[in-house]
Amino acid sequence: MNQHEYYDPNNFVDMSALEEYAINAYIVKVFGWMFFGLLITALTTVAIVIGTNASVAFAEFIASTLEFTLFIVIAQVIMVFVMSARVHRMHPTTAKMLYIIYAALNGLTFGLLVYIFAVNYVGMETVVAAFGITAVSFGAMAIYGLTTKKDLTSMGSLLFMGLIGIIIAGVVNIFLGNSMFEFLILVGGLGIFLGLVAYHTNRIKNCYAQVALYGDNPDGGLTYEQEALASNLAIHGALTLYLAFINIFLRVLLLLARAKGGGGRR
């Protein structure tokens, strides 16, 4: 059976035939990769900060690298699209390497910018508070997505349209510069990404069920093709959750910064 014949991410299937331990093991694998990505991002940022403080040459190298931030961000976007488009065909090792590289690059861009923002404006305690709030809210929505018996597939299109609306509103507000509009955009974006956490966790579980239930291995278990697809879907699922976590964290951080009135240098 061809992979495409049994795998359709938009098709919700009955998971009652699957062993609960198998689903739980797969979910643990996905979240393990997600947190591993966050760890790589954090360690990359810490290494850059320590390196720039310890070596003038390294600081100059990082400064010259940041001149190409736009190209690095574009490369990251391309990597996300490639991993999404080729999730059925990519070798599992390639998928894992791309994910690790993406997380490291995000430490150079997003992580470093958060550090600079913290040092100069809000203080590291605000970053820690934002991370804690993000972790709790993310966890709550992930648990809902994993435990609900509902099909959350229909939420995906609504959340995607809302995300497009938020992006357009953000672009418009660049020219308007309206503080209240910016606040509404942050709150709206926060709600959308929290919804996406529930949607993606529900979808990850459903995608694994399709791969596990609709194979044709006469010896039982998963074929090599199914194992490869399940592995790639785990990495792709980790990536989507990683991106949701980062976006929630960013919005919580900016909302806390607004609450502090920008703060002073800490």
# chains A, B, ... in the order shown; residues from 1 in each chain; ligands from 1
$ residues_around --residues "segment 39-44 of chain A" --least-positions-apart "3" --cutoff "10 Å" --atoms "only C-alpha atoms" --output "number ranges by chain"
A: 33-36, 47-50, 100-112
$ residues_around --residues "Ala257 of chain A" --least-positions-apart "3" --cutoff "12 Å" --atoms "only C-alpha atoms" --output "list in words"
Val114, Phe117, Ala118, Asn120, Tyr121, Val122, Gly123, Met124, Glu125, Thr126, Val127, Ala129, Ala130, Phe183, Leu186, Leu250, Arg251, Val252, Leu253, Leu254, Lys260, Gly261, Gly262, Gly263 and Gly264 of chain A
$ write_last_selection --atoms "C-alpha atoms" --output "PDB file, in the first residue's frame"
ATOM      1  CA  VAL A 114      15.049  38.264  23.251  1.00  0.00           C
ATOM      2  CA  PHE A 117      15.438  43.027  24.708  1.00  0.00           C
ATOM      3  CA  ALA A 118      15.642  41.635  28.246  1.00  0.00           C
ATOM      4  CA  ASN A 120      18.040  46.675  27.762  1.00  0.00           C
ATOM      5  CA  TYR A 121      14.334  46.960  28.512  1.00  0.00           C
ATOM      6  CA  VAL A 122      12.466  44.493  30.715  1.00  0.00           C
ATOM      7  CA  GLY A 123      14.985  42.455  32.700  1.00  0.00           C
ATOM      8  CA  MET A 124      15.642  38.730  32.745  1.00  0.00           C
ATOM      9  CA  GLU A 125      13.033  38.179  35.472  1.00  0.00           C
ATOM     10  CA  THR A 126      10.355  39.196  32.980  1.00  0.00           C
ATOM     11  CA  VAL A 127      11.685  36.691  30.456  1.00  0.00           C
ATOM     12  CA  ALA A 129       8.014  34.939  34.045  1.00  0.00           C
ATOM     13  CA  ALA A 130       6.994  34.907  30.365  1.00  0.00           C
ATOM     14  CA  PHE A 183      -2.465  45.292  22.168  1.00  0.00           C
ATOM     15  CA  LEU A 186      -1.010  40.616  20.625  1.00  0.00           C
ATOM     16  CA  LEU A 250       6.919  36.183  22.308  1.00  0.00           C
ATOM     17  CA  ARG A 251       3.394  37.531  22.789  1.00  0.00           C
ATOM     18  CA  VAL A 252       3.370  36.877  26.532  1.00  0.00           C
ATOM     19  CA  LEU A 253       6.755  38.633  26.822  1.00  0.00           C
ATOM     20  CA  LEU A 254       5.532  41.679  24.900  1.00  0.00           C
ATOM     21  CA  LYS A 260       5.747  47.135  33.002  1.00  0.00           C
ATOM     22  CA  GLY A 261       5.606  50.197  30.801  1.00  0.00           C
ATOM     23  CA  GLY A 262       8.771  49.113  28.999  1.00  0.00           C
ATOM     24  CA  GLY A 263      10.781  49.142  32.233  1.00  0.00           C
ATOM     25  CA  GLY A 264      14.274  50.428  32.511  1.00  0.00           C
TER      26      GLY A 264
END
$ closest_residue --among "A:Phe249, A:Phe138, A:Phe58, A:Tyr199" --to "Ser157 of chain A" --atoms "only C-alpha atoms"
A:Tyr199
